[in-house]
$ cat data.txt   # compact mmCIF, C-alpha atoms
# COMPACT_ATOMS: atom_id res chain seq x y z
CA MET A 1 15.73 -24.96 11.78
CA ARG A 2 17.25 -28.43 11.81
CA PRO A 3 19.79 -29.42 9.14
CA GLN A 4 18.69 -32.30 6.91
CA PRO A 5 21.26 -34.92 5.91
CA ILE A 6 22.19 -35.27 2.25
CA PHE A 7 22.79 -38.84 1.14
CA THR A 8 25.62 -39.56 -1.29
CA ARG A 9 25.66 -42.24 -4.02
CA ALA A 10 28.04 -44.29 -1.91
CA GLY A 11 25.34 -44.60 0.73
CA GLY A 12 27.00 -42.32 3.24
CA ALA A 13 25.49 -39.19 4.59
CA ARG A 14 26.89 -35.74 5.02
CA ALA A 15 25.25 -32.88 6.85
CA SER A 16 23.96 -29.92 4.93
CA VAL A 17 24.67 -26.44 6.16
CA THR A 18 21.75 -24.23 7.03
CA VAL A 19 21.75 -20.72 8.40
CA PRO A 20 20.19 -20.78 11.84
CA GLU A 21 17.44 -18.30 12.60
CA GLU A 22 19.64 -16.81 15.33
CA ALA A 23 22.18 -15.71 12.69
CA THR A 24 19.42 -14.05 10.69
CA ARG A 25 18.23 -12.25 13.81
CA ALA A 26 21.81 -11.19 14.59
CA ASP A 27 22.15 -9.72 11.08
CA GLU A 28 18.92 -7.80 11.57
CA ALA A 29 20.07 -6.53 14.98
CA ALA A 30 23.39 -5.41 13.50
CA ARG A 31 21.53 -3.51 10.79
CA LEU A 32 19.38 -1.76 13.40
CA ASP A 33 22.44 -0.90 15.52
CA SER A 34 24.32 0.64 12.61
CA PRO A 35 24.67 4.41 12.86
CA TRP A 36 21.56 6.54 12.66
CA ALA A 37 21.32 10.31 12.51
CA THR A 38 19.05 13.03 13.84
CA VAL A 39 18.44 15.62 11.14
CA VAL A 40 17.07 19.07 11.97
CA TRP A 41 15.34 20.87 9.10
CA ASN A 42 14.94 24.56 8.39
CA ASP A 43 11.55 26.02 9.19
CA PRO A 44 9.93 29.43 8.80
CA VAL A 45 8.98 29.67 12.47
CA ASN A 46 11.99 29.44 14.80
CA LEU A 47 14.58 32.18 15.19
CA MET A 48 18.16 31.26 14.37
CA SER A 49 19.24 32.27 17.89
CA TYR A 50 16.66 29.87 19.35
CA VAL A 51 17.86 26.97 17.18
CA ALA A 52 21.46 27.59 18.33
CA TYR A 53 20.23 27.75 21.93
CA VAL A 54 18.50 24.37 21.56
CA PHE A 55 21.67 22.79 20.15
CA GLU A 56 23.68 24.21 23.07
CA SER A 57 21.24 23.32 25.82
CA TYR A 58 20.14 19.87 24.65
CA PHE A 59 23.24 18.45 22.96
CA GLY A 60 25.77 20.40 25.02
CA TYR A 61 27.52 21.83 21.97
CA PRO A 62 29.83 24.79 22.55
CA ALA A 63 28.33 28.07 21.32
CA ALA A 64 30.54 28.15 18.21
CA ARG A 65 29.57 24.60 17.14
CA ALA A 66 25.88 25.24 17.85
CA HIS A 67 26.11 28.39 15.72
CA GLU A 68 27.77 26.44 12.85
CA LEU A 69 25.03 23.80 12.92
CA MET A 70 22.32 26.47 13.05
CA LEU A 71 23.84 28.18 10.00
CA GLN A 72 23.97 24.86 8.17
CA VAL A 73 20.26 24.35 8.88
CA HIS A 74 19.55 27.90 7.69
CA ARG A 75 21.69 27.81 4.53
CA GLU A 76 21.44 24.18 3.41
CA GLY A 77 17.99 23.45 4.77
CA ARG A 78 19.14 20.68 7.10
CA ALA A 79 21.93 19.54 9.41
CA VAL A 80 22.84 16.27 11.10
CA VAL A 81 22.99 17.20 14.77
CA SER A 82 23.64 13.79 16.35
CA THR A 83 24.51 10.23 15.37
CA GLY A 84 24.33 6.93 17.21
CA ASP A 85 22.16 3.90 17.75
CA ARG A 86 18.56 4.07 16.60
CA GLU A 87 16.94 4.24 20.03
CA ARG A 88 19.08 7.19 21.12
CA MET A 89 18.38 9.03 17.87
CA GLU A 90 14.63 8.47 18.32
CA VAL A 91 14.95 10.16 21.72
CA ASP A 92 16.85 13.08 20.15
CA VAL A 93 14.23 13.50 17.41
CA GLN A 94 11.45 13.58 20.01
CA ALA A 95 13.42 16.12 22.03
CA MET A 96 13.80 18.36 18.98
CA HIS A 97 10.03 18.11 18.44
CA SER A 98 9.45 19.09 22.07
CA PHE A 99 11.54 22.24 21.41
CA GLY A 100 9.36 22.96 18.37
CA LEU A 101 12.01 22.10 15.76
CA TRP A 102 11.42 19.97 12.69
CA ALA A 103 13.55 16.83 12.98
CA THR A 104 13.69 13.39 11.41
CA LEU A 105 15.56 10.14 11.87
CA GLN A 106 17.60 8.59 9.08
CA LYS A 107 20.35 6.05 8.53
CA ASP A 108 23.68 7.85 8.83
CA GLY A 109 25.15 8.57 5.41
CA GLU A 110 21.80 8.68 3.59
CA GLN A 111 20.51 11.87 2.05

$ encode --input "data.txt" --output "structure tokens"
Amino acid sequence: MRPQPIFTRAGGARASVTVPEEATRADEAARLDSPWATVVWNDPVNLMSYVAYVFESYFGYPAARAHELMLQVHREGRAVVSTGDRERMEVDVQAMHSFGLWATLQKDGEQ
């Protein structure tokens, strides 16, 4: 987008300020790169021990942390199991699906 000059009463010209499209794209990219979260939801199918195993084996959590997250899923109905850029969280959600867990992607900090 090319700035258009604004003419003054004195006959001079001054440049107007416009926001280039690149800045708009950069704002959009920054929004997409802001933290995202992988949320695992409680389900009536998987055993609690299996859910803890998945958290240990896939995310590399120590057994105690995996157990805490599993209990959060069981008691509260959901737990944030990973955070990061959107593409990485999409991979984590797909991995949870491949293990048979219910998982979704959301902006970090949203309910």

$ residues_near_point --input "data.txt" --point "(19.1, 23.3, 10.8)" --cutoff "10 Å" --atoms "all atoms listed in the file" --output "PyMOL selection string"
chain A and resi 39-43+48+51-52+55+66-81+101-103

$ closest_residue --input "data.txt" --among "A:Met89, A:Thr83, A:Tyr53, A:Val45" --to "Arg65 of chain A" --atoms "only C-alpha atoms"
A:Tyr53

$ atom_distance --input "data.txt" --atom1 "atom CA of Gly84 of chain A" --atom2 "atom CA of Lys107 of chain A"
9.6 Å

$ closest_residue --input "data.txt" --among "A:Glu87, A:Phe59, A:Thr38, A:Asp92" --to "Leu105 of chain A" --atoms "all atoms listed in the file"
A:Thr38

$ closest_residue --input "data.txt" --among "A:Phe99, A:Arg86, A:Val91, A:Gln106" --to "Tyr50 of chain A" --atoms "only C-alpha atoms"
A:Phe99

$ atom_distance --input "data.txt" --atom1 "atom CA of Ser49 of chain A" --atom2 "atom CA of Gln94 of chain A"
20.4 Å
